[in-house]
Amino acid sequence: MIYGDNSKYKVEYIGEKFSKNLISYKAIIIGRYGVGKSTTLKKLMEKEFDNEYEPTMTLDIKNIQAKVNEEIIQFSILDCCGNEKFAEQTTNLFKNVSITVLIYAINDRKSYDDLEKWINILKENSYGNTIFLIGNKNDLEEKEREVTIKEGEEFKNNYDDIKIFMETSALYGNNMDKLLENIAIFIYEKDKKLENEVDKAIRKTITLTNDLTKQGEKKKKKCC
Ligand SMILES: Nc1nc2c(ncn2[C@@H]2O[C@H](COP(=O)(O)OP(=O)(O)O)[C@@H](O)[C@H]2O)c(=O)[nH]1
Ligand SMILES: [Mg+2]
C-alpha cells in the first residue's frame, strides 16, 4: 500500500527484541488525548506478537524486530502523551523520528482540527519525518461520526509528508495488521536507502532507543 503494492514484500515479525548491532528506527504515536494511541500500541503488540500488555502511565516504548524480504529490520514505537504542552516540553521525543503515526478519532472533531497543530510541532522538532495519518474508532456507528473519510483523505492530500491515510479500529483490530506492515516496509525501504556505510555508522551510535528509555526512566514524566 505504501509503495502502491505491498505484495512484493514478505513481512515476518520476530517480536519484541532489541539488538545493538542493528540500526533502530523510531516511530512515535501522537494525537489528542483519548483518540486511542495507547490502545493502538496495545493492539499492535497483541496482534502480532501475542504479548501480555501492561499499560503504563509513563512513556511507553516497544522495540520490535521484523524480517522484510529476509532482511532483519528494527524499530521502536513510542506511545506519546496526547497533550501539546507535554509534547512541547519534551521536544527531544521528536528528534530522529522516522515515522509519526498521527491519530485522530472519527467521533472527535477537535482531534481532527488539532492535526495541523501536531504537524507544526513535528515540523519544528524533527526532520525527514514521514507521517501516517490514522482516523481511529471506525467501528463506531455512523451517527457518532464527526469526521468523514473524505476529510481524512483531503487532509492527507494537503501534506506531502503524509504518506498514508487509513481508518482503523484499535479496539477491534481493523487495519492494525496493515498499519504495522506499512511501518515495517517503510523502515525496510528507508534502511535500504542508507547505503552510505559512514552514515550508517553514525546513526548506530545515536542509539536513540536507549537514550529515550533512560530519559523516560529518569524523568518519570506522567503521560496522559
Ligand atoms: N470504539 C472505540 N473505542 C476506542 C478505540 N480505540 C480506543 N478506544 C477507547 O477510547 C478510549 C481512549 O483510548 P486510549 O488508547 O487510552 O487513548 P489515548 O489517550 O490516545 O492513549 C478508551 O476508552 C478506549 O477503549 C476504537 O478503535 N474504537
Ligand atoms: Mg494513552
# chains A, B, ... in the order shown; residues from 1 in each chain; ligands from 1
>>> select_by_dssp(residues="segment 32-178 of chain A", states="strand (DSSP E or B)", output="ChimeraX atom specification")
/A:60-68,71-79,99-105,130-136,162-167,169,174
>>> write_last_selection(atoms="C-alpha atoms", output="PDB file, in the first residue's frame")
ATOM      1  CA  ASP A  60       5.718   3.561  26.633  1.00  0.00           C
ATOM      2  CA  ILE A  61       8.367   2.211  24.262  1.00  0.00           C
ATOM      3  CA  LYS A  62       8.314  -1.090  22.390  1.00  0.00           C
ATOM      4  CA  ASN A  63      11.338  -2.354  20.495  1.00  0.00           C
ATOM      5  CA  ILE A  64      10.361  -4.510  17.565  1.00  0.00           C
ATOM      6  CA  GLN A  65      12.258  -6.616  15.082  1.00  0.00           C
ATOM      7  CA  ALA A  66      10.854  -7.907  11.827  1.00  0.00           C
ATOM      8  CA  LYS A  67      12.135  -9.582   8.708  1.00  0.00           C
ATOM      9  CA  VAL A  68      11.224  -7.922   5.453  1.00  0.00           C
ATOM     10  CA  GLU A  71      16.373  -8.762   5.935  1.00  0.00           C
ATOM     11  CA  ILE A  72      16.096  -8.021   9.645  1.00  0.00           C
ATOM     12  CA  ILE A  73      14.951  -4.535  10.493  1.00  0.00           C
ATOM     13  CA  GLN A  74      14.492  -2.953  13.871  1.00  0.00           C
ATOM     14  CA  PHE A  75      12.331  -0.134  15.108  1.00  0.00           C
ATOM     15  CA  SER A  76      10.825   1.227  18.272  1.00  0.00           C
ATOM     16  CA  ILE A  77       7.310   2.552  18.709  1.00  0.00           C
ATOM     17  CA  LEU A  78       6.672   5.209  21.320  1.00  0.00           C
ATOM     18  CA  ASP A  79       3.281   5.910  22.753  1.00  0.00           C
ATOM     19  CA  ILE A  99       7.609   7.699  11.242  1.00  0.00           C
ATOM     20  CA  THR A 100       4.918   9.544  13.114  1.00  0.00           C
ATOM     21  CA  VAL A 101       1.607   7.792  13.484  1.00  0.00           C
ATOM     22  CA  LEU A 102      -0.697  10.785  13.868  1.00  0.00           C
ATOM     23  CA  ILE A 103      -4.089   9.729  15.170  1.00  0.00           C
ATOM     24  CA  TYR A 104      -7.448  11.433  15.386  1.00  0.00           C
ATOM     25  CA  ALA A 105     -10.735   9.795  16.309  1.00  0.00           C
ATOM     26  CA  THR A 130       7.098  10.653   7.448  1.00  0.00           C
ATOM     27  CA  ILE A 131       3.556  10.790   8.740  1.00  0.00           C
ATOM     28  CA  PHE A 132       0.967   8.021   8.714  1.00  0.00           C
ATOM     29  CA  LEU A 133      -2.430   9.604   9.341  1.00  0.00           C
ATOM     30  CA  ILE A 134      -4.961   7.444  11.157  1.00  0.00           C
ATOM     31  CA  GLY A 135      -8.668   8.035  11.684  1.00  0.00           C
ATOM     32  CA  ASN A 136      -9.330   5.699  14.600  1.00  0.00           C
ATOM     33  CA  ILE A 162       1.731  12.334   4.986  1.00  0.00           C
ATOM     34  CA  LYS A 163       2.304   9.091   3.070  1.00  0.00           C
ATOM     35  CA  ILE A 164      -0.623   7.060   4.264  1.00  0.00           C
ATOM     36  CA  PHE A 165      -4.143   7.652   5.456  1.00  0.00           C
ATOM     37  CA  MET A 166      -6.359   4.908   6.774  1.00  0.00           C
ATOM     38  CA  GLU A 167      -9.201   4.468   9.181  1.00  0.00           C
ATOM     39  CA  SER A 169     -10.324   0.427  14.972  1.00  0.00           C
ATOM     40  CA  ASN A 174      -9.403  -3.175  11.967  1.00  0.00           C
TER      41      ASN A 174
END
>>> residues_near_ligand(ligand="ligand 1", cutoff="12 Å", atoms="only C-alpha atoms and all ligand atoms", output="NGL selection string")
:A and (29-44 or 55-60 or 78-83 or 101-108 or 111 or 134-142 or 144-145 or 167-176 or 223-224)
>>> select_by_dssp(residues="segment 63-145 of chain A", states="alpha helix (DSSP H)", output="PDB file with N, CA and C atoms, in the first residue's frame")
ATOM      1  N   GLU A  84      -0.453  18.696  24.053  1.00  0.00           N
ATOM      2  CA  GLU A  84       0.502  19.512  23.296  1.00  0.00           C
ATOM      3  C   GLU A  84       1.544  20.122  24.220  1.00  0.00           C
ATOM      4  N   LYS A  85       1.127  20.501  25.422  1.00  0.00           N
ATOM      5  CA  LYS A  85       2.067  21.135  26.362  1.00  0.00           C
ATOM      6  C   LYS A  85       3.210  20.167  26.680  1.00  0.00           C
ATOM      7  N   PHE A  86       2.836  18.922  26.950  1.00  0.00           N
ATOM      8  CA  PHE A  86       3.833  17.890  27.251  1.00  0.00           C
ATOM      9  C   PHE A  86       4.755  17.711  26.053  1.00  0.00           C
ATOM     10  N   ALA A  87       4.136  17.661  24.882  1.00  0.00           N
ATOM     11  CA  ALA A  87       4.919  17.456  23.657  1.00  0.00           C
ATOM     12  C   ALA A  87       5.892  18.606  23.447  1.00  0.00           C
ATOM     13  N   GLU A  88       5.435  19.828  23.704  1.00  0.00           N
ATOM     14  CA  GLU A  88       6.316  20.980  23.506  1.00  0.00           C
ATOM     15  C   GLU A  88       7.476  20.944  24.491  1.00  0.00           C
ATOM     16  N   GLN A  89       7.172  20.502  25.704  1.00  0.00           N
ATOM     17  CA  GLN A  89       8.221  20.472  26.724  1.00  0.00           C
ATOM     18  C   GLN A  89       9.218  19.339  26.496  1.00  0.00           C
ATOM     19  N   ARG A 109     -14.250  15.660  16.595  1.00  0.00           N
ATOM     20  CA  ARG A 109     -13.897  16.708  15.629  1.00  0.00           C
ATOM     21  C   ARG A 109     -12.658  17.485  16.079  1.00  0.00           C
ATOM     22  N   LYS A 110     -12.590  17.717  17.392  1.00  0.00           N
ATOM     23  CA  LYS A 110     -11.475  18.516  17.910  1.00  0.00           C
ATOM     24  C   LYS A 110     -10.139  17.828  17.609  1.00  0.00           C
ATOM     25  N   SER A 111     -10.162  16.500  17.687  1.00  0.00           N
ATOM     26  CA  SER A 111      -8.899  15.775  17.445  1.00  0.00           C
ATOM     27  C   SER A 111      -8.469  15.914  15.988  1.00  0.00           C
ATOM     28  N   TYR A 112      -9.445  16.083  15.093  1.00  0.00           N
ATOM     29  CA  TYR A 112      -9.143  16.312  13.671  1.00  0.00           C
ATOM     30  C   TYR A 112      -8.669  17.750  13.469  1.00  0.00           C
ATOM     31  N   ASP A 113      -9.372  18.688  14.119  1.00  0.00           N
ATOM     32  CA  ASP A 113      -8.989  20.100  13.986  1.00  0.00           C
ATOM     33  C   ASP A 113      -7.598  20.373  14.553  1.00  0.00           C
ATOM     34  N   LEU A 115      -5.013  18.496  14.161  1.00  0.00           N
ATOM     35  CA  LEU A 115      -3.944  17.825  13.393  1.00  0.00           C
ATOM     36  C   LEU A 115      -2.858  18.797  12.936  1.00  0.00           C
ATOM     37  N   GLU A 116      -3.304  19.968  12.498  1.00  0.00           N
ATOM     38  CA  GLU A 116      -2.338  20.938  11.979  1.00  0.00           C
ATOM     39  C   GLU A 116      -1.357  21.364  13.079  1.00  0.00           C
ATOM     40  N   LYS A 117      -1.893  21.520  14.282  1.00  0.00           N
ATOM     41  CA  LYS A 117      -1.045  21.893  15.424  1.00  0.00           C
ATOM     42  C   LYS A 117       0.053  20.852  15.628  1.00  0.00           C
ATOM     43  N   TRP A 118      -0.347  19.588  15.548  1.00  0.00           N
ATOM     44  CA  TRP A 118       0.617  18.498  15.724  1.00  0.00           C
ATOM     45  C   TRP A 118       1.673  18.522  14.625  1.00  0.00           C
ATOM     46  N   ILE A 119       1.208  18.805  13.417  1.00  0.00           N
ATOM     47  CA  ILE A 119       2.152  18.824  12.291  1.00  0.00           C
ATOM     48  C   ILE A 119       3.159  19.964  12.481  1.00  0.00           C
ATOM     49  N   ASN A 120       2.683  21.088  13.002  1.00  0.00           N
ATOM     50  CA  ASN A 120       3.615  22.197  13.248  1.00  0.00           C
ATOM     51  C   ASN A 120       4.632  21.840  14.323  1.00  0.00           C
ATOM     52  N   ILE A 121       4.182  21.168  15.365  1.00  0.00           N
ATOM     53  CA  ILE A 121       5.119  20.727  16.418  1.00  0.00           C
ATOM     54  C   ILE A 121       6.167  19.795  15.801  1.00  0.00           C
ATOM     55  N   LEU A 122       5.700  18.895  14.937  1.00  0.00           N
ATOM     56  CA  LEU A 122       6.635  17.957  14.288  1.00  0.00           C
ATOM     57  C   LEU A 122       7.632  18.689  13.407  1.00  0.00           C
ATOM     58  N   LYS A 123       7.129  19.646  12.631  1.00  0.00           N
ATOM     59  CA  LYS A 123       7.998  20.373  11.709  1.00  0.00           C
ATOM     60  C   LYS A 123       9.081  21.125  12.466  1.00  0.00           C
ATOM     61  N   GLU A 124       8.700  21.671  13.624  1.00  0.00           N
ATOM     62  CA  GLU A 124       9.673  22.434  14.399  1.00  0.00           C
ATOM     63  C   GLU A 124      10.719  21.544  15.062  1.00  0.00           C
ATOM     64  N   ASN A 125      10.359  20.302  15.310  1.00  0.00           N
ATOM     65  CA  ASN A 125      11.231  19.469  16.145  1.00  0.00           C
ATOM     66  C   ASN A 125      11.785  18.214  15.492  1.00  0.00           C
TER      67      ASN A 125
END
>>> atom_distance(atom1="atom CA of Lys190 of chain A", atom2="atom CA of Ile28 of chain A")
16.1 Å
>>> atom_distance(atom1="atom CA of Ile149 of chain A", atom2="atom CA of Leu180 of chain A")
20.6 Å
>>> atom_distance(atom1="atom CA of Ser24 of chain A", atom2="atom CA of Ser126 of chain A")
16.5 Å
